[in-house]
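Asker: This is the structure I have questions about; it appears just below.
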Amino acid sequence: MNKSVLTYRFLIVLFLGLINSNLYAFFDSVEIGINGLTCSQCTRSVELSIRKLSFVDNVEMNLEHSEGKITFKPNAKVSIEEIADAVMKAGFSVRYLRALFVFQNKNVNNNDCLLFEEQNYQFVKIEPKKLDGKTTLKFVGKKYLPTKEYKEWKPLLNNKCGNTKEPILYVTL
Amino acid sequence: MKGLKVLIFTCTLINSSFAQELFIQNDPASNVPQGVLGLREYNESYKEINLYRNLFGLRLMYGLLPKLTITGTVTVSNHHGKNFPENLVSHVHNGNKTVYSTGNFQRGVVYPYQLGGVYLYAKYRFLTKDNQNQHLRMATYGEFSFIKVAHDEAEPNLVDDTKGFGVGLITTYLKKHFAISVTTGVIVPGSYNGFSPDALGGGLIPTEVEYGKAIKYNLSFGYLLLPLRYENYKQTNLNLYVEFMGKAYQQAKVFQYGGITSVPIQTPLLKANNYVEVHPGIQAIFNSNLRIDFSIGVPLINKSYARFYPIYTLGIQRYFYFNKS
């Protein structure tokens with residue numbers, strides 16, 4: 001995402017934040033590692049599958065390291081789950097998925113649950129921390145990790161968001 | 001100095017993180033991406049006595065689900081005539097008895113090109129063990145063939161020679177610069193009811209051939225030769241393959257006059273057999289999509305009687321992603 005779009009989004013969030021205390025962050029980009037990729041045609045398939053998502057603006061893949069950076073259209077609602085599904089639809093698996101957020105003075109504790117763009121973000125395995133500025137959140141759900149790594153996280157992934165319609169995304173710092 | 005360069009080049013290849021499983025003869029356990037359409041046109045040729053037998057195949061592949069791929073293939077070839085060849089069945093009169101037998105029928109007969117039929121294939125990937133730049137995958141497949149040609153050998157080939165069905169397993173493993181894949185399966189062919197010219201001028205005799213059931217055991221190796229380092233999608237990929245194609249099949253059964261006469265099998269073309277061919281091949285991929293491959297098949301252990309050697313395979317393939325931009 002270019003600098004002017006970032007600044008634009010940041011100003012909007014800042015302005016809205018003044019009139020609505022629930023807005024404390026915005027999405028910048030996602031970094032994703034792909035497992036199982038073995039050829040440039042496979043990498044291209046993954047890229048094109050992600051590009052089909054309506055909220056995606058650009059995808060830059062690193063063919064050598066089988067990872068990519070995804071940026072989003074301004075004001076678009078981003079679905080992390082749909083990104084992971086797009087990788088799976090191309091026939092591959094997510095090795096890691098990290099999202100870069102820009103926070104505004106938000107204090108978080110372990111198991112805190114934040115509602116953002118109709119998705120619950122539950123923080124796991126973290127120390128109490130004040131989030132301000134650019135912060136990378138690592139997703140630790142089943143779709144976002146290799147099976148072996150997910151099994152290590154699984155005991156920590158207990159819903160603390162209560163009865164909620166919105167999906168819960170487990171994240172760590 | 002030259003030796004050192006070769007050593008450095010070899011080490012670079014061995015340390016390459018990518019392998020290729022886009023085999024020419026066999027299908028890997030991986031799938032076509034969901035919602036993506038693949039198109040493949042291929043040609044198989046071999047020289048039979050003084051003429052070339054050619055087969056042209058057009059294959060559509062579609063990723064129905066992330067783990068389910070379906071394909072349909074239509075073939076046209078000059079492999080068969082409208083009727084079974086003359087001398088497929090011959091007979092002699094011994095007193096009041098007529099003794100039938102399958103003869104060594106003539107090869108190298110000119111046949112016109114004809115549509116063989118349709119071959120359908122579905123593959124489901126049930127095991128996925130992915131790691132960075134490597135994977136182990138297993139898939140099961142089912143194949144169905146609606147081919148109607150006067151195939152005159154015991155060996156079943158569902159793609160272009162015989163109707164029937166088959167099921168099997170594919171295991172594909174990639175590590176560093178190597179890809180290896182094993183395909184095993186069974187083939188249950190149907191029979192063909194046609195006509196066989198009577199060698200003694202008795203006209204066309206109703207003839208049925210029941211082809212032998214078969215098992216196949218194929219082994220493929222793939223190796224990415226170029227590029228040494230992936231940088232962008234424009235780089236042309238060069239891949240080398242060695243594929244072993246094995247099959248064991250039962251003896252055919254031949255009947256005439258609506259099953260009244262069972263003909264003893266004498267020619268090796270209709271007897272049980274097993275063989276292994278080796279198909280070394282080379283493949284270039286342009287713009288990370290357009291794929292052109294070529295292989296030459298020769299017998300390694302025994303041989304197939306359904307074709308002659310060497311077998312030349314030339315294919316061209318690409319995917320259509322249907323992205324808006």
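Convention: chains lettered A, B, ... in structure tokens order; per-chain residue numbering from 1; ligands numbered from 1 as shown.
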Kindly determine which residues of chain A lie within 6 Å of chain B, considering only C-alpha atoms, and give the answer as a PyMOL selection string.

Answerer: chain A and resi 35-38+40-41+63-64+89-91

Asker: Output the selection as an mmCIF file, in the first residue's frame - N, CA and C atoms for each residue.

Answerer:
```
data_model
loop_
_atom_site.group_PDB
_atom_site.id
_atom_site.type_symbol
_atom_site.label_atom_id
_atom_site.label_comp_id
_atom_site.auth_asym_id
_atom_site.auth_seq_id
_atom_site.Cartn_x
_atom_site.Cartn_y
_atom_site.Cartn_z
ATOM 1 N N ASN A 35 3.282 -23.061 2.500
ATOM 2 C CA ASN A 35 3.951 -24.374 2.507
ATOM 3 C C ASN A 35 3.498 -25.225 1.333
ATOM 4 N N GLY A 36 4.407 -26.083 0.885
ATOM 5 C CA GLY A 36 4.060 -27.022 -0.184
ATOM 6 C C GLY A 36 4.364 -26.504 -1.572
ATOM 7 N N LEU A 37 4.742 -25.233 -1.681
ATOM 8 C CA LEU A 37 5.033 -24.664 -3.003
ATOM 9 C C LEU A 37 6.334 -25.235 -3.542
ATOM 10 N N THR A 38 6.297 -25.620 -4.800
ATOM 11 C CA THR A 38 7.493 -26.231 -5.374
ATOM 12 C C THR A 38 7.821 -25.724 -6.763
ATOM 13 N N SER A 40 7.250 -22.197 -9.771
ATOM 14 C CA SER A 40 6.768 -20.829 -9.956
ATOM 15 C C SER A 40 5.314 -20.832 -10.423
ATOM 16 N N GLN A 41 4.908 -21.881 -11.127
ATOM 17 C CA GLN A 41 3.510 -21.972 -11.547
ATOM 18 C C GLN A 41 2.587 -22.118 -10.327
ATOM 19 N N LEU A 63 9.175 -15.580 -4.744
ATOM 20 C CA LEU A 63 9.171 -16.958 -5.249
ATOM 21 C C LEU A 63 10.208 -17.827 -4.553
ATOM 22 N N GLU A 64 11.337 -17.256 -4.251
ATOM 23 C CA GLU A 64 12.424 -18.042 -3.674
ATOM 24 C C GLU A 64 12.078 -18.529 -2.266
ATOM 25 N N LYS A 89 -7.439 -23.159 -1.573
ATOM 26 C CA LYS A 89 -8.093 -23.410 -2.866
ATOM 27 C C LYS A 89 -7.072 -23.580 -3.988
ATOM 28 N N ALA A 90 -5.941 -22.923 -3.837
ATOM 29 C CA ALA A 90 -4.882 -23.077 -4.844
ATOM 30 C C ALA A 90 -4.128 -24.391 -4.652
ATOM 31 N N GLY A 91 -4.426 -25.082 -3.547
ATOM 32 C CA GLY A 91 -3.822 -26.402 -3.328
ATOM 33 C C GLY A 91 -2.653 -26.406 -2.363
#
```

Asker: Could you pull out the residues in stretch 2-172 of chain A that DSSP calls strand (DSSP E or B) from the backbone, as an MDAnalysis selection string?

Answerer: chainID A and resid 25:35 56:62 67:72 93:108 113:116 119:123 129:139 168:172

Asker: Keeping C-alpha atoms for every residue in the selection just given, could you write it to a file as a PDB file, in the first residue's frame?

Answerer:
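Written file, again.pdb:
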```pdb
ATOM      1  CA  ALA A  25      -6.733   0.334  14.874  1.00  0.00           C
ATOM      2  CA  PHE A  26      -6.630  -0.193  11.165  1.00  0.00           C
ATOM      3  CA  PHE A  27      -5.315  -2.840   8.900  1.00  0.00           C
ATOM      4  CA  ASP A  28      -2.169  -2.191   6.933  1.00  0.00           C
ATOM      5  CA  SER A  29      -1.098  -5.400   5.250  1.00  0.00           C
ATOM      6  CA  VAL A  30      -0.672  -9.150   5.647  1.00  0.00           C
ATOM      7  CA  GLU A  31       2.473 -11.202   5.307  1.00  0.00           C
ATOM      8  CA  ILE A  32       1.935 -14.819   4.483  1.00  0.00           C
ATOM      9  CA  GLY A  33       4.204 -17.847   4.163  1.00  0.00           C
ATOM     10  CA  ILE A  34       3.068 -20.734   1.996  1.00  0.00           C
ATOM     11  CA  ASN A  35       3.951 -24.374   2.507  1.00  0.00           C
ATOM     12  CA  VAL A  56      -7.240  -7.359  -2.029  1.00  0.00           C
ATOM     13  CA  ASP A  57      -5.424  -4.529  -3.735  1.00  0.00           C
ATOM     14  CA  ASN A  58      -2.045  -6.101  -4.444  1.00  0.00           C
ATOM     15  CA  VAL A  59      -0.039  -9.272  -3.845  1.00  0.00           C
ATOM     16  CA  GLU A  60       3.736  -9.413  -4.030  1.00  0.00           C
ATOM     17  CA  MET A  61       5.118 -12.926  -3.919  1.00  0.00           C
ATOM     18  CA  ASN A  62       8.686 -13.856  -3.128  1.00  0.00           C
ATOM     19  CA  GLU A  67       6.006 -15.964   0.945  1.00  0.00           C
ATOM     20  CA  GLY A  68       4.059 -12.888   0.034  1.00  0.00           C
ATOM     21  CA  LYS A  69       2.813  -9.487   1.104  1.00  0.00           C
ATOM     22  CA  ILE A  70      -0.843  -8.607   0.616  1.00  0.00           C
ATOM     23  CA  THR A  71      -2.206  -5.081   0.679  1.00  0.00           C
ATOM     24  CA  PHE A  72      -5.844  -4.066   0.665  1.00  0.00           C
ATOM     25  CA  SER A  93      -1.091 -24.566   3.068  1.00  0.00           C
ATOM     26  CA  VAL A  94      -0.345 -21.527   5.187  1.00  0.00           C
ATOM     27  CA  ARG A  95       3.006 -21.629   6.978  1.00  0.00           C
ATOM     28  CA  TYR A  96       2.396 -18.372   8.809  1.00  0.00           C
ATOM     29  CA  LEU A  97       0.052 -15.435   8.531  1.00  0.00           C
ATOM     30  CA  ARG A  98       0.907 -12.102  10.117  1.00  0.00           C
ATOM     31  CA  ALA A  99      -1.091  -8.921   9.882  1.00  0.00           C
ATOM     32  CA  LEU A 100       0.330  -5.460  10.314  1.00  0.00           C
ATOM     33  CA  PHE A 101      -2.032  -3.230  12.265  1.00  0.00           C
ATOM     34  CA  VAL A 102      -1.682   0.386  13.262  1.00  0.00           C
ATOM     35  CA  PHE A 103      -2.990   0.773  16.821  1.00  0.00           C
ATOM     36  CA  GLN A 104      -3.858   3.880  18.810  1.00  0.00           C
ATOM     37  CA  ASN A 105      -2.995   3.557  22.512  1.00  0.00           C
ATOM     38  CA  LYS A 106      -4.713   0.264  23.105  1.00  0.00           C
ATOM     39  CA  ASN A 107      -3.931  -1.721  26.252  1.00  0.00           C
ATOM     40  CA  VAL A 108      -4.221  -5.487  25.837  1.00  0.00           C
ATOM     41  CA  CYS A 113     -10.952  -9.964  22.990  1.00  0.00           C
ATOM     42  CA  LEU A 114     -11.175  -7.044  20.599  1.00  0.00           C
ATOM     43  CA  LEU A 115     -13.923  -6.617  18.053  1.00  0.00           C
ATOM     44  CA  PHE A 116     -12.561  -5.202  14.818  1.00  0.00           C
ATOM     45  CA  GLN A 119     -14.240 -10.142  13.706  1.00  0.00           C
ATOM     46  CA  ASN A 120     -13.119 -10.972  17.234  1.00  0.00           C
ATOM     47  CA  TYR A 121      -9.400 -10.878  17.833  1.00  0.00           C
ATOM     48  CA  GLN A 122      -8.486 -12.799  20.957  1.00  0.00           C
ATOM     49  CA  PHE A 123      -4.935 -12.277  22.231  1.00  0.00           C
ATOM     50  CA  LYS A 129       1.070  -4.450  26.689  1.00  0.00           C
ATOM     51  CA  LYS A 130       0.113  -1.065  25.342  1.00  0.00           C
ATOM     52  CA  LEU A 131      -0.227  -1.196  21.557  1.00  0.00           C
ATOM     53  CA  ASP A 132       0.584   2.021  19.796  1.00  0.00           C
ATOM     54  CA  GLY A 133       1.659   2.462  16.211  1.00  0.00           C
ATOM     55  CA  LYS A 134       2.555  -0.375  13.870  1.00  0.00           C
ATOM     56  CA  THR A 135       2.092  -3.794  15.460  1.00  0.00           C
ATOM     57  CA  THR A 136       2.338  -7.228  13.902  1.00  0.00           C
ATOM     58  CA  LEU A 137      -0.211  -9.814  14.982  1.00  0.00           C
ATOM     59  CA  LYS A 138       0.471 -13.448  14.277  1.00  0.00           C
ATOM     60  CA  PHE A 139      -2.536 -15.657  13.687  1.00  0.00           C
ATOM     61  CA  ILE A 168     -12.916 -15.540  16.667  1.00  0.00           C
ATOM     62  CA  LEU A 169      -9.400 -15.099  15.371  1.00  0.00           C
ATOM     63  CA  TYR A 170      -6.674 -16.072  17.823  1.00  0.00           C
ATOM     64  CA  VAL A 171      -3.650 -13.818  17.622  1.00  0.00           C
ATOM     65  CA  THR A 172      -0.393 -13.360  19.426  1.00  0.00           C
TER      66      THR A 172
END
```

Asker: With DSSP run on the backbone, what are the helix (DSSP H, G or I) residues within stretch 44-159 of chain A? I'd like them as a PyMOL selection string.

Answerer: chain A and resi 44-51+80-89+142-144+147-156

Asker: Those same residues, written as a PDB file, in the first residue's frame with N, CA and C atoms?

Answerer:
```pdb
ATOM      1  N   ARG A  44       2.359 -18.788  -8.640  1.00  0.00           N
ATOM      2  CA  ARG A  44       1.460 -17.934  -9.433  1.00  0.00           C
ATOM      3  C   ARG A  44      -0.004 -18.285  -9.166  1.00  0.00           C
ATOM      4  N   SER A  45      -0.272 -19.585  -9.025  1.00  0.00           N
ATOM      5  CA  SER A  45      -1.639 -20.021  -8.728  1.00  0.00           C
ATOM      6  C   SER A  45      -2.109 -19.451  -7.398  1.00  0.00           C
ATOM      7  N   VAL A  46      -1.218 -19.463  -6.408  1.00  0.00           N
ATOM      8  CA  VAL A  46      -1.568 -18.917  -5.091  1.00  0.00           C
ATOM      9  C   VAL A  46      -1.838 -17.418  -5.214  1.00  0.00           C
ATOM     10  N   GLU A  47      -0.953 -16.731  -5.900  1.00  0.00           N
ATOM     11  CA  GLU A  47      -1.115 -15.272  -6.044  1.00  0.00           C
ATOM     12  C   GLU A  47      -2.441 -14.938  -6.717  1.00  0.00           C
ATOM     13  N   LEU A  48      -2.743 -15.642  -7.801  1.00  0.00           N
ATOM     14  CA  LEU A  48      -3.977 -15.340  -8.536  1.00  0.00           C
ATOM     15  C   LEU A  48      -5.215 -15.703  -7.723  1.00  0.00           C
ATOM     16  N   SER A  49      -5.090 -16.738  -6.899  1.00  0.00           N
ATOM     17  CA  SER A  49      -6.215 -17.124  -6.042  1.00  0.00           C
ATOM     18  C   SER A  49      -6.480 -16.026  -4.999  1.00  0.00           C
ATOM     19  N   ILE A  50      -5.415 -15.472  -4.427  1.00  0.00           N
ATOM     20  CA  ILE A  50      -5.576 -14.389  -3.436  1.00  0.00           C
ATOM     21  C   ILE A  50      -6.087 -13.124  -4.122  1.00  0.00           C
ATOM     22  N   ARG A  51      -5.610 -12.866  -5.314  1.00  0.00           N
ATOM     23  CA  ARG A  51      -6.023 -11.663  -6.040  1.00  0.00           C
ATOM     24  C   ARG A  51      -7.513 -11.665  -6.375  1.00  0.00           C
ATOM     25  N   ILE A  80      -9.443 -12.278   7.065  1.00  0.00           N
ATOM     26  CA  ILE A  80      -8.218 -13.078   7.191  1.00  0.00           C
ATOM     27  C   ILE A  80      -8.494 -14.527   6.794  1.00  0.00           C
ATOM     28  N   GLU A  81      -9.669 -15.006   7.174  1.00  0.00           N
ATOM     29  CA  GLU A  81     -10.013 -16.402   6.888  1.00  0.00           C
ATOM     30  C   GLU A  81     -10.092 -16.649   5.378  1.00  0.00           C
ATOM     31  N   GLU A  82     -10.620 -15.676   4.663  1.00  0.00           N
ATOM     32  CA  GLU A  82     -10.729 -15.845   3.206  1.00  0.00           C
ATOM     33  C   GLU A  82      -9.357 -15.877   2.537  1.00  0.00           C
ATOM     34  N   ILE A  83      -8.393 -15.191   3.141  1.00  0.00           N
ATOM     35  CA  ILE A  83      -7.030 -15.237   2.587  1.00  0.00           C
ATOM     36  C   ILE A  83      -6.468 -16.653   2.736  1.00  0.00           C
ATOM     37  N   ALA A  84      -6.640 -17.212   3.939  1.00  0.00           N
ATOM     38  CA  ALA A  84      -6.154 -18.582   4.170  1.00  0.00           C
ATOM     39  C   ALA A  84      -6.887 -19.575   3.260  1.00  0.00           C
ATOM     40  N   ASP A  85      -8.192 -19.352   3.077  1.00  0.00           N
ATOM     41  CA  ASP A  85      -8.970 -20.244   2.204  1.00  0.00           C
ATOM     42  C   ASP A  85      -8.491 -20.161   0.749  1.00  0.00           C
ATOM     43  N   ALA A  86      -8.095 -18.964   0.346  1.00  0.00           N
ATOM     44  CA  ALA A  86      -7.619 -18.779  -1.042  1.00  0.00           C
ATOM     45  C   ALA A  86      -6.338 -19.589  -1.274  1.00  0.00           C
ATOM     46  N   VAL A  87      -5.497 -19.640  -0.255  1.00  0.00           N
ATOM     47  CA  VAL A  87      -4.265 -20.444  -0.365  1.00  0.00           C
ATOM     48  C   VAL A  87      -4.629 -21.916  -0.491  1.00  0.00           C
ATOM     49  N   MET A  88      -5.580 -22.328   0.336  1.00  0.00           N
ATOM     50  CA  MET A  88      -6.008 -23.731   0.310  1.00  0.00           C
ATOM     51  C   MET A  88      -6.656 -24.087  -1.041  1.00  0.00           C
ATOM     52  N   LYS A  89      -7.439 -23.159  -1.573  1.00  0.00           N
ATOM     53  CA  LYS A  89      -8.093 -23.410  -2.866  1.00  0.00           C
ATOM     54  C   LYS A  89      -7.072 -23.580  -3.988  1.00  0.00           C
ATOM     55  N   LYS A 142      -6.102 -22.827  13.306  1.00  0.00           N
ATOM     56  CA  LYS A 142      -5.816 -24.050  12.540  1.00  0.00           C
ATOM     57  C   LYS A 142      -5.432 -23.767  11.083  1.00  0.00           C
ATOM     58  N   LYS A 143      -6.109 -22.781  10.502  1.00  0.00           N
ATOM     59  CA  LYS A 143      -5.859 -22.500   9.082  1.00  0.00           C
ATOM     60  C   LYS A 143      -4.587 -21.709   8.831  1.00  0.00           C
ATOM     61  N   TYR A 144      -3.990 -21.221   9.919  1.00  0.00           N
ATOM     62  CA  TYR A 144      -2.894 -20.264   9.744  1.00  0.00           C
ATOM     63  C   TYR A 144      -1.535 -20.815  10.161  1.00  0.00           C
ATOM     64  N   THR A 147       0.255 -28.060  10.765  1.00  0.00           N
ATOM     65  CA  THR A 147      -0.459 -28.914  11.722  1.00  0.00           C
ATOM     66  C   THR A 147       0.318 -29.102  13.035  1.00  0.00           C
ATOM     67  N   LYS A 148       1.617 -29.339  12.912  1.00  0.00           N
ATOM     68  CA  LYS A 148       2.422 -29.617  14.104  1.00  0.00           C
ATOM     69  C   LYS A 148       2.456 -28.399  15.031  1.00  0.00           C
ATOM     70  N   GLU A 149       2.612 -27.228  14.439  1.00  0.00           N
ATOM     71  CA  GLU A 149       2.679 -25.998  15.232  1.00  0.00           C
ATOM     72  C   GLU A 149       1.316 -25.680  15.849  1.00  0.00           C
ATOM     73  N   TYR A 150       0.276 -25.943  15.079  1.00  0.00           N
ATOM     74  CA  TYR A 150      -1.075 -25.690  15.584  1.00  0.00           C
ATOM     75  C   TYR A 150      -1.372 -26.536  16.824  1.00  0.00           C
ATOM     76  N   LYS A 151      -0.887 -27.777  16.800  1.00  0.00           N
ATOM     77  CA  LYS A 151      -1.148 -28.666  17.948  1.00  0.00           C
ATOM     78  C   LYS A 151      -0.525 -28.110  19.225  1.00  0.00           C
ATOM     79  N   GLU A 152       0.572 -27.397  19.087  1.00  0.00           N
ATOM     80  CA  GLU A 152       1.207 -26.793  20.263  1.00  0.00           C
ATOM     81  C   GLU A 152       0.383 -25.618  20.799  1.00  0.00           C
ATOM     82  N   TRP A 153      -0.281 -24.920  19.894  1.00  0.00           N
ATOM     83  CA  TRP A 153      -1.071 -23.765  20.294  1.00  0.00           C
ATOM     84  C   TRP A 153      -2.477 -24.153  20.777  1.00  0.00           C
ATOM     85  N   LYS A 154      -2.941 -25.265  20.277  1.00  0.00           N
ATOM     86  CA  LYS A 154      -4.355 -25.637  20.478  1.00  0.00           C
ATOM     87  C   LYS A 154      -4.833 -25.537  21.938  1.00  0.00           C
ATOM     88  N   PRO A 155      -4.065 -26.028  22.934  1.00  0.00           N
ATOM     89  CA  PRO A 155      -4.549 -25.947  24.322  1.00  0.00           C
ATOM     90  C   PRO A 155      -4.796 -24.513  24.798  1.00  0.00           C
ATOM     91  N   LEU A 156      -4.186 -23.537  24.142  1.00  0.00           N
ATOM     92  CA  LEU A 156      -4.335 -22.137  24.570  1.00  0.00           C
ATOM     93  C   LEU A 156      -5.498 -21.432  23.887  1.00  0.00           C
TER      94      LEU A 156
END
```

Asker: Given only C-alpha atoms as the basis, pick out the residue of B:Ile215, B:Phe244, B:Leu270, B:Gln317 nearest to B:Val298.

Answerer: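 Nearest candidate to B:Val298 out of B:Ile215, B:Phe244, B:Leu270, B:Gln317: B:Phe244.
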
Asker: I'd like the contact shell of B:Lys216 - 12 Å cut-off, only C-alpha atoms, skipping same-chain residues fewer than 6 positions apart - returned as a PDB file with N, CA and C atoms, in the first residue's frame.

Answerer:
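Output file selection_29.pdb is given in full below:
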```pdb
ATOM      1  N   ASN B  26       2.684 -39.194 -16.167  1.00  0.00           N
ATOM      2  CA  ASN B  26       1.846 -39.481 -14.998  1.00  0.00           C
ATOM      3  C   ASN B  26       1.275 -38.209 -14.394  1.00  0.00           C
ATOM      4  N   GLU B 155      -3.828 -55.983 -24.033  1.00  0.00           N
ATOM      5  CA  GLU B 155      -3.550 -54.885 -23.107  1.00  0.00           C
ATOM      6  C   GLU B 155      -4.635 -53.815 -23.129  1.00  0.00           C
ATOM      7  N   PRO B 156      -5.182 -53.495 -21.967  1.00  0.00           N
ATOM      8  CA  PRO B 156      -6.176 -52.416 -21.934  1.00  0.00           C
ATOM      9  C   PRO B 156      -5.519 -51.046 -21.784  1.00  0.00           C
ATOM     10  N   ASN B 157      -6.010 -50.091 -22.505  1.00  0.00           N
ATOM     11  CA  ASN B 157      -5.601 -48.683 -22.358  1.00  0.00           C
ATOM     12  C   ASN B 157      -6.869 -47.860 -22.339  1.00  0.00           C
ATOM     13  N   LEU B 158      -7.210 -47.350 -21.157  1.00  0.00           N
ATOM     14  CA  LEU B 158      -8.506 -46.689 -21.040  1.00  0.00           C
ATOM     15  C   LEU B 158      -8.561 -45.355 -21.772  1.00  0.00           C
ATOM     16  N   GLY B 166     -11.151 -47.810 -13.934  1.00  0.00           N
ATOM     17  CA  GLY B 166      -9.960 -48.120 -13.142  1.00  0.00           C
ATOM     18  C   GLY B 166      -9.942 -47.281 -11.887  1.00  0.00           C
ATOM     19  N   VAL B 167      -9.242 -47.759 -10.894  1.00  0.00           N
ATOM     20  CA  VAL B 167      -9.034 -46.993  -9.656  1.00  0.00           C
ATOM     21  C   VAL B 167      -7.574 -47.141  -9.256  1.00  0.00           C
ATOM     22  N   GLY B 168      -7.095 -46.193  -8.477  1.00  0.00           N
ATOM     23  CA  GLY B 168      -5.700 -46.306  -8.074  1.00  0.00           C
ATOM     24  C   GLY B 168      -5.287 -45.265  -7.064  1.00  0.00           C
ATOM     25  N   LEU B 169      -4.036 -45.318  -6.716  1.00  0.00           N
ATOM     26  CA  LEU B 169      -3.442 -44.436  -5.715  1.00  0.00           C
ATOM     27  C   LEU B 169      -2.225 -43.727  -6.306  1.00  0.00           C
ATOM     28  N   ILE B 170      -2.060 -42.487  -5.902  1.00  0.00           N
ATOM     29  CA  ILE B 170      -0.883 -41.720  -6.317  1.00  0.00           C
ATOM     30  C   ILE B 170      -0.206 -41.175  -5.061  1.00  0.00           C
ATOM     31  N   VAL B 182       4.687 -42.169  -7.306  1.00  0.00           N
ATOM     32  CA  VAL B 182       4.342 -43.564  -7.600  1.00  0.00           C
ATOM     33  C   VAL B 182       2.847 -43.632  -7.888  1.00  0.00           C
ATOM     34  N   THR B 183       2.509 -44.247  -8.977  1.00  0.00           N
ATOM     35  CA  THR B 183       1.094 -44.445  -9.321  1.00  0.00           C
ATOM     36  C   THR B 183       0.835 -45.940  -9.457  1.00  0.00           C
ATOM     37  N   THR B 184      -0.114 -46.432  -8.682  1.00  0.00           N
ATOM     38  CA  THR B 184      -0.494 -47.837  -8.822  1.00  0.00           C
ATOM     39  C   THR B 184      -2.009 -47.898  -9.001  1.00  0.00           C
ATOM     40  N   GLY B 185      -2.456 -48.842  -9.768  1.00  0.00           N
ATOM     41  CA  GLY B 185      -3.888 -48.913  -9.990  1.00  0.00           C
ATOM     42  C   GLY B 185      -4.297 -50.189 -10.699  1.00  0.00           C
ATOM     43  N   VAL B 186      -5.591 -50.392 -10.736  1.00  0.00           N
ATOM     44  CA  VAL B 186      -6.129 -51.532 -11.477  1.00  0.00           C
ATOM     45  C   VAL B 186      -6.980 -51.003 -12.628  1.00  0.00           C
ATOM     46  N   ILE B 187      -7.020 -51.779 -13.690  1.00  0.00           N
ATOM     47  CA  ILE B 187      -7.830 -51.425 -14.858  1.00  0.00           C
ATOM     48  C   ILE B 187      -8.765 -52.591 -15.146  1.00  0.00           C
ATOM     49  N   VAL B 188     -10.036 -52.273 -15.205  1.00  0.00           N
ATOM     50  CA  VAL B 188     -11.030 -53.305 -15.533  1.00  0.00           C
ATOM     51  C   VAL B 188     -11.668 -52.909 -16.862  1.00  0.00           C
ATOM     52  N   PHE B 244       8.924 -44.285 -15.436  1.00  0.00           N
ATOM     53  CA  PHE B 244       8.835 -45.720 -15.720  1.00  0.00           C
ATOM     54  C   PHE B 244       7.358 -46.101 -15.726  1.00  0.00           C
ATOM     55  N   MET B 245       6.936 -46.685 -16.821  1.00  0.00           N
ATOM     56  CA  MET B 245       5.527 -47.043 -16.969  1.00  0.00           C
ATOM     57  C   MET B 245       5.423 -48.568 -17.020  1.00  0.00           C
ATOM     58  N   GLY B 246       4.816 -49.129 -15.993  1.00  0.00           N
ATOM     59  CA  GLY B 246       4.718 -50.586 -15.922  1.00  0.00           C
ATOM     60  C   GLY B 246       3.283 -51.060 -15.927  1.00  0.00           C
ATOM     61  N   LYS B 247       3.087 -52.214 -16.526  1.00  0.00           N
ATOM     62  CA  LYS B 247       1.734 -52.785 -16.561  1.00  0.00           C
ATOM     63  C   LYS B 247       1.811 -54.306 -16.660  1.00  0.00           C
ATOM     64  N   ALA B 248       0.911 -54.958 -15.954  1.00  0.00           N
ATOM     65  CA  ALA B 248       0.763 -56.417 -16.087  1.00  0.00           C
ATOM     66  C   ALA B 248      -0.704 -56.690 -16.384  1.00  0.00           C
ATOM     67  N   TYR B 249      -0.963 -57.523 -17.374  1.00  0.00           N
ATOM     68  CA  TYR B 249      -2.357 -57.748 -17.749  1.00  0.00           C
ATOM     69  C   TYR B 249      -2.599 -59.208 -18.109  1.00  0.00           C
ATOM     70  N   ASN B 273       0.768 -60.557 -20.251  1.00  0.00           N
ATOM     71  CA  ASN B 273       2.093 -59.968 -20.407  1.00  0.00           C
ATOM     72  C   ASN B 273       2.337 -58.981 -19.272  1.00  0.00           C
ATOM     73  N   ASN B 274       3.574 -58.677 -19.074  1.00  0.00           N
ATOM     74  CA  ASN B 274       3.925 -57.560 -18.203  1.00  0.00           C
ATOM     75  C   ASN B 274       5.143 -56.876 -18.785  1.00  0.00           C
ATOM     76  N   TYR B 275       5.229 -55.579 -18.557  1.00  0.00           N
ATOM     77  CA  TYR B 275       6.353 -54.837 -19.136  1.00  0.00           C
ATOM     78  C   TYR B 275       6.615 -53.570 -18.334  1.00  0.00           C
ATOM     79  N   VAL B 276       7.780 -53.016 -18.541  1.00  0.00           N
ATOM     80  CA  VAL B 276       8.129 -51.696 -17.996  1.00  0.00           C
ATOM     81  C   VAL B 276       8.805 -50.907 -19.112  1.00  0.00           C
ATOM     82  N   GLU B 277       8.265 -49.715 -19.340  1.00  0.00           N
ATOM     83  CA  GLU B 277       8.895 -48.803 -20.303  1.00  0.00           C
ATOM     84  C   GLU B 277       9.576 -47.684 -19.533  1.00  0.00           C
TER      85      GLU B 277
END
```

Asker: Work out how far apart atom CA of A:Leu157 and atom CA of A:Val124 are and give it in Å to one decimal.

Answerer: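 Spanning atom CA of A:Leu157 to atom CA of A:Val124 is a straight-line distance of 7.3 Å.
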
Asker: Leaving out B:Tyr113 and any residue of its chain fewer than 6 positions from it, which residues lie within 10 Å of it when counting only C-alpha atoms, given as an MDAnalysis selection string?

Answerer: chainID B and resid 53:56 76:81

Asker: For B:Tyr223, which residue among B:Val209, B:Leu300, B:Leu240, B:Val74 is the nearest when counting only C-alpha atoms?

Answerer: B:Leu240

Asker: Looking at only C-alpha atoms, which of B:Arg307, B:His91, B:Lys47, B:Arg59 is the one that sits closest to B:Pro197?

Answerer: B:His91

Asker: Give me, as a list in words, all polymer residues having an atom no more than 8 Å from B:Ile70, counting only C-alpha atoms and skipping those fewer than 6 positions away in the same chain.

Answerer: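 Counting only the stated atoms, we get Met61, Tyr62, Gly63, Leu64, Leu120, Tyr121, Ala122 and Lys123 of chain B.
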